[in-house]
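The file data_37.txt contains compact mmCIF, C-alpha atoms:
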```txt
# COMPACT_ATOMS: atom_id res chain seq x y z
CA MET H 1 130.25 106.24 121.79
CA LYS H 2 127.77 104.37 119.59
CA LEU H 3 128.26 101.85 116.79
CA VAL H 4 125.89 102.11 113.81
CA VAL H 5 126.22 99.20 111.39
CA GLY H 6 124.64 99.18 107.95
CA LEU H 7 124.49 95.79 106.26
CA GLY H 8 125.11 95.19 102.58
CA ASN H 9 127.48 93.70 100.04
CA PRO H 10 130.60 95.49 98.77
CA GLY H 11 131.22 96.32 95.14
CA PRO H 12 129.54 98.49 92.49
CA GLN H 13 127.49 95.56 91.20
CA TYR H 14 125.51 95.61 94.47
CA ALA H 15 125.00 99.38 94.69
CA LYS H 16 121.36 100.34 95.25
CA THR H 17 120.18 96.74 95.38
CA ARG H 18 117.54 95.86 97.96
CA HIS H 19 120.07 94.00 100.14
CA ASN H 20 122.16 97.18 100.40
CA ALA H 21 119.58 99.40 102.07
CA GLY H 22 121.76 99.41 105.20
CA PHE H 23 124.74 100.71 103.24
CA MET H 24 122.51 103.41 101.73
CA LEU H 25 121.52 104.74 105.15
CA ILE H 26 125.15 104.76 106.35
CA ASP H 27 126.01 106.80 103.26
CA ARG H 28 123.23 109.23 104.16
CA LEU H 29 124.57 109.59 107.72
CA THR H 30 128.19 110.09 106.62
CA PRO H 31 129.30 113.74 106.93
CA PRO H 32 130.38 115.41 103.66
CA GLY H 33 134.07 114.94 103.00
CA ALA H 34 134.52 112.19 105.59
CA VAL H 35 137.21 109.70 104.60
CA PRO H 36 136.53 106.07 105.59
CA LYS H 37 139.18 103.95 107.25
CA SER H 38 139.68 100.25 106.66
CA ARG H 39 139.19 98.54 110.03
CA PHE H 40 137.47 95.40 111.31
CA GLN H 41 137.17 94.12 107.73
CA SER H 42 134.92 97.11 107.15
CA SER H 43 134.67 100.66 105.95
CA LEU H 44 134.63 102.79 109.11
CA ILE H 45 133.71 106.45 109.53
CA ASP H 46 134.31 108.15 112.90
CA ALA H 47 131.64 110.85 113.00
CA GLU H 48 129.50 113.00 115.26
CA LEU H 49 125.74 112.70 115.00
CA ALA H 50 123.98 115.54 116.81
CA GLY H 51 127.01 115.88 119.09
CA GLN H 52 127.33 112.17 119.90
CA ARG H 53 130.41 110.30 118.69
CA CYS H 54 129.28 107.48 116.41
CA LEU H 55 131.19 104.89 114.46
CA LEU H 56 129.52 104.25 111.10
CA LEU H 57 130.43 100.75 109.96
CA LYS H 58 129.86 99.00 106.62
CA PRO H 59 131.16 95.40 106.83
CA LEU H 60 133.01 94.41 103.66
CA THR H 61 132.87 90.70 104.43
CA PHE H 62 129.70 90.18 102.36
CA MET H 63 126.34 89.78 104.04
CA ASN H 64 126.70 86.20 105.29
CA ARG H 65 129.78 87.06 107.37
CA SER H 66 128.70 90.40 108.82
CA GLY H 67 128.90 89.13 112.39
CA GLN H 68 132.67 88.85 112.40
CA ALA H 69 133.16 92.56 111.67
CA VAL H 70 130.51 93.65 114.19
CA ALA H 71 131.90 91.46 116.97
CA GLU H 72 135.45 92.74 116.39
CA ALA H 73 134.37 96.39 116.55
CA LEU H 74 132.27 95.89 119.70
CA ALA H 75 135.11 94.07 121.46
CA PHE H 76 137.75 96.64 120.49
CA TYR H 77 135.74 99.60 121.78
CA LYS H 78 134.23 97.65 124.71
CA LEU H 79 130.67 98.47 123.66
CA SER H 80 127.45 96.75 124.70
CA PRO H 81 125.26 95.20 121.98
CA ALA H 82 122.08 96.09 123.87
CA SER H 83 122.84 99.77 124.49
CA ASP H 84 125.57 100.86 122.06
CA LEU H 85 124.84 98.97 118.82
CA LEU H 86 122.31 99.68 116.09
CA VAL H 87 122.13 97.39 113.05
CA ILE H 88 120.44 98.70 109.90
CA VAL H 89 119.08 96.00 107.65
CA ASP H 90 116.76 95.47 104.67
CA ASP H 91 113.52 93.56 105.22
CA LEU H 92 111.67 92.01 102.29
CA TYR H 93 108.64 91.28 104.48
CA LEU H 94 107.97 95.00 104.99
CA PRO H 95 106.52 97.13 102.20
CA SER H 96 109.06 99.28 100.41
CA GLY H 97 109.54 102.53 102.30
CA SER H 98 108.48 101.18 105.71
CA LEU H 99 110.64 101.53 108.83
CA ARG H 100 110.61 99.37 111.98
CA LEU H 101 112.93 99.80 114.96
CA ARG H 102 113.02 97.02 117.56
CA PRO H 103 115.23 96.44 120.63
CA SER H 104 115.81 92.76 119.83
CA GLY H 105 114.17 89.78 118.19
CA GLY H 106 114.54 87.09 115.60
CA THR H 107 116.38 87.29 112.32
CA GLY H 108 113.44 86.76 109.97
CA GLY H 109 115.71 84.54 107.89
CA HIS H 110 118.06 87.44 107.12
CA ASN H 111 121.57 86.02 106.68
CA GLY H 112 123.29 89.15 107.95
CA LEU H 113 121.27 89.23 111.17
CA GLU H 114 121.73 85.50 111.61
CA ASP H 115 125.50 85.85 111.45
CA ILE H 116 125.55 88.81 113.85
CA THR H 117 123.37 86.93 116.34
CA ARG H 118 125.67 83.93 116.06
CA ALA H 119 128.83 86.01 116.51
CA LEU H 120 127.46 87.95 119.50
CA ALA H 121 125.70 84.91 121.02
CA THR H 122 122.65 87.11 121.63
CA ASP H 123 119.76 88.63 119.73
CA ALA H 124 119.45 91.46 122.28
CA TYR H 125 120.65 94.30 120.06
CA PRO H 126 118.54 96.97 118.35
CA ARG H 127 117.88 96.67 114.65
CA LEU H 128 116.30 99.15 112.25
CA ARG H 129 114.56 97.42 109.36
CA ILE H 130 114.03 99.21 106.05
CA GLY H 131 111.23 97.71 103.99
CA VAL H 132 112.27 96.53 100.53
CA GLY H 133 109.39 94.16 99.89
CA MET H 134 106.05 94.59 98.26
CA LEU H 135 104.88 98.05 97.34
CA PRO H 136 102.11 99.72 99.37
CA SER H 137 99.90 99.03 96.36
CA GLY H 138 100.57 95.32 96.86
CA GLY H 139 102.94 94.84 93.96
CA LYS H 140 105.32 91.87 94.13
CA PRO H 141 105.45 88.73 92.04
CA ALA H 142 103.44 85.86 93.44
CA HIS H 143 106.38 83.51 92.83
CA PHE H 144 109.91 84.84 93.19
CA ASP H 145 113.33 83.65 94.27
CA GLN H 146 114.20 85.36 97.56
CA ALA H 147 117.96 85.52 96.92
CA ASP H 148 117.50 86.93 93.43
CA TYR H 149 114.93 89.42 94.71
CA VAL H 150 117.07 90.98 97.47
CA LEU H 151 120.10 91.17 95.14
CA SER H 152 118.11 92.95 92.43
CA ARG H 153 117.92 96.71 92.00
CA PHE H 154 114.89 98.71 93.01
CA ASP H 155 112.22 99.31 90.41
CA ASP H 156 111.67 102.91 89.31
CA ASP H 157 108.54 103.21 91.45
CA GLU H 158 110.21 101.64 94.51
CA LEU H 159 113.41 103.67 94.69
CA PRO H 160 111.70 106.97 95.65
CA LEU H 161 109.89 105.17 98.49
CA VAL H 162 113.12 103.69 99.85
CA GLU H 163 115.03 106.95 99.46
CA SER H 164 112.25 108.74 101.35
CA ALA H 165 112.45 106.13 104.13
CA ILE H 166 116.23 106.60 104.38
CA LYS H 167 115.74 110.36 104.59
CA ARG H 168 113.24 109.86 107.44
CA ALA H 169 115.45 107.29 109.15
CA ALA H 170 118.58 109.45 109.40
CA PRO H 171 117.29 111.81 112.13
CA GLY H 172 115.83 108.78 113.88
CA VAL H 173 119.28 107.23 114.10
CA GLU H 174 120.60 110.50 115.53
CA LEU H 175 117.77 110.42 118.06
CA TRP H 176 118.73 106.85 119.07
CA ALA H 177 122.34 107.96 119.55
CA THR H 178 121.47 110.98 121.68
CA LYS H 179 118.14 110.28 123.40
CA GLY H 180 117.96 106.50 123.42
CA LEU H 181 115.99 103.67 121.90
CA THR H 182 112.51 104.55 123.18
CA ALA H 183 112.64 108.08 121.77
CA ALA H 184 113.82 106.74 118.41
CA MET H 185 111.14 104.03 118.34
CA ASN H 186 108.44 106.61 119.01
CA ARG H 187 109.61 108.52 115.96
CA LEU H 188 110.51 105.77 113.52
CA ASN H 189 107.65 103.38 114.28
CA ALA H 190 104.99 105.92 113.37
CA PRO H 191 102.47 104.71 110.77
CA ASP H 192 103.89 104.38 107.28
CA PRO H 193 103.12 107.23 104.89
CA ALA H 194 100.07 106.56 102.76
CA PRO H 195 100.86 105.62 99.17
CA PRO H 196 100.11 108.37 96.64
CA LYS H 197 96.60 108.19 95.24
CA SER H 198 96.15 107.52 91.58
CA PRO H 199 94.65 110.47 89.72
CA PRO H 200 90.98 110.04 88.85
CA PRO H 201 90.25 108.88 85.33
CA PRO H 202 89.54 111.70 82.86
```
Can you turn what I pasted into structure tokens?
Amino acid sequence: MKLVVGLGNPGPQYAKTRHNAGFMLIDRLTPPGAVPKSRFQSSLIDAELAGQRCLLLKPLTFMNRSGQAVAEALAFYKLSPASDLLVIVDDLYLPSGSLRLRPSGGTGGHNGLEDITRALATDAYPRLRIGVGMLPSGGKPAHFDQADYVLSRFDDDELPLVESAIKRAAPGVELWATKGLTAAMNRLNAPDPAPPKSPPPP
């Protein structure tokens, strides 16, 4: 059994905001017709991904308290953070549409990761980062408020990039669940797709 956790904030006002990229990938992985249960202060789907039983978890505690839900689920099912847990998180320091899978590491100032690391007393758990930051073309305001930025909705030119990344990430998560972290890293850490070229001037 594997535990796949997507981070985000509950409520329609946060739907498709940058901070909810983790929720968006969990939604993509959820089988059609699956009915979530309310457990561990979360929305929980018990699913099979490529034949492997996976628990798809969206903490409903708000981002800053994500660790409590993750720790409760790991303890209940007696799972190991290093081998059985995958946390999906937005990353404003990666260009929109980028994917990075790592076995462990720092939090990068992400409040959700910070709370999970605190609750588990370790940073040795895999995390899949979905880029929600500057566009491949370099677009992002020179001066912006980080909290406001991650809680804002994607621009029209960003959303297709993020949705494409989520589409690419879904089979990578299945690969992690069935073949392990190295196989998934080899797939998901491939070079980012090149941004579309602007048409030549007439």
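Atom pair CA of Leu49 (chain H) / CA of Gly180 (chain H): separated by 13.0 Å.
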Hey, what's within 10 Å of Pro191 (chain H) if we count only C-alpha atoms and toss same-chain stuff fewer than 3 positions away? As JSON, numbers by chain, please?
{"H": [98, 99, 100, 187, 188, 194]}
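CA of Asp155 (chain H) is positioned 15.7 Å from CA of Gln13 (chain H).
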Excluding Ala34 (chain H) and its own-chain neighbours fewer than 5 positions away, which residues fall within 10 Å of it when counting only C-alpha atoms? Please give them as a tab-separated table (two decimals) with C-alpha atoms, in the frame of the given file.
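File produced: selection.tsv:
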```
chain	number	residue	atom	x	y	z
H	45	ILE	CA	133.71	106.45	109.53
H	46	ASP	CA	134.31	108.15	112.90
H	47	ALA	CA	131.64	110.85	113.00
```
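The protein and nucleic acid residues lying at most 12 Å from Leu181 (chain H) are H:Ala82, H:Ser83, H:Asp84, H:Leu85, H:Leu86, H:Leu101, H:Arg102, H:Pro103, H:Ser104, H:Tyr125, H:Pro126, H:Arg127, H:Leu128, H:Gly172, H:Val173, H:Glu174, H:Leu175, H:Arg187, H:Leu188, H:Asn189, with all atoms listed in the file considered and sequence neighbours fewer than 6 positions away removed.
Nearest to Lys16 (chain H) of all the residues H:Lys167, H:Lys58, H:Arg129, H:Arg153 is H:Arg153, based on all atoms listed in the file.
Going from CA of Tyr77 (chain H) over to CA of Val89 (chain H), you cover 22.1 Å.
Minimum distance to Leu7 (chain H) across H:Glu72, H:Asp157, H:Asp27, H:Asp123 (counting all atoms listed in the file) occurs at H:Asp27.
Among H:Leu113, H:Leu161, H:Leu56, H:Ala170, the residue with the shortest atom-to-atom distance to Asp91 (chain H), counting only C-alpha atoms, is H:Leu113.
Nearest to Pro95 (chain H) of all the residues H:Thr61, H:Val162, H:Val4, H:Thr17 is H:Val162, counting all atoms listed in the file.
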Name the closest residue to Gly6 (chain H) among the candidates H:Pro59, H:Pro171, H:Gly33, H:Gly22; distances are taken between atoms, counting only C-alpha atoms.
H:Gly22
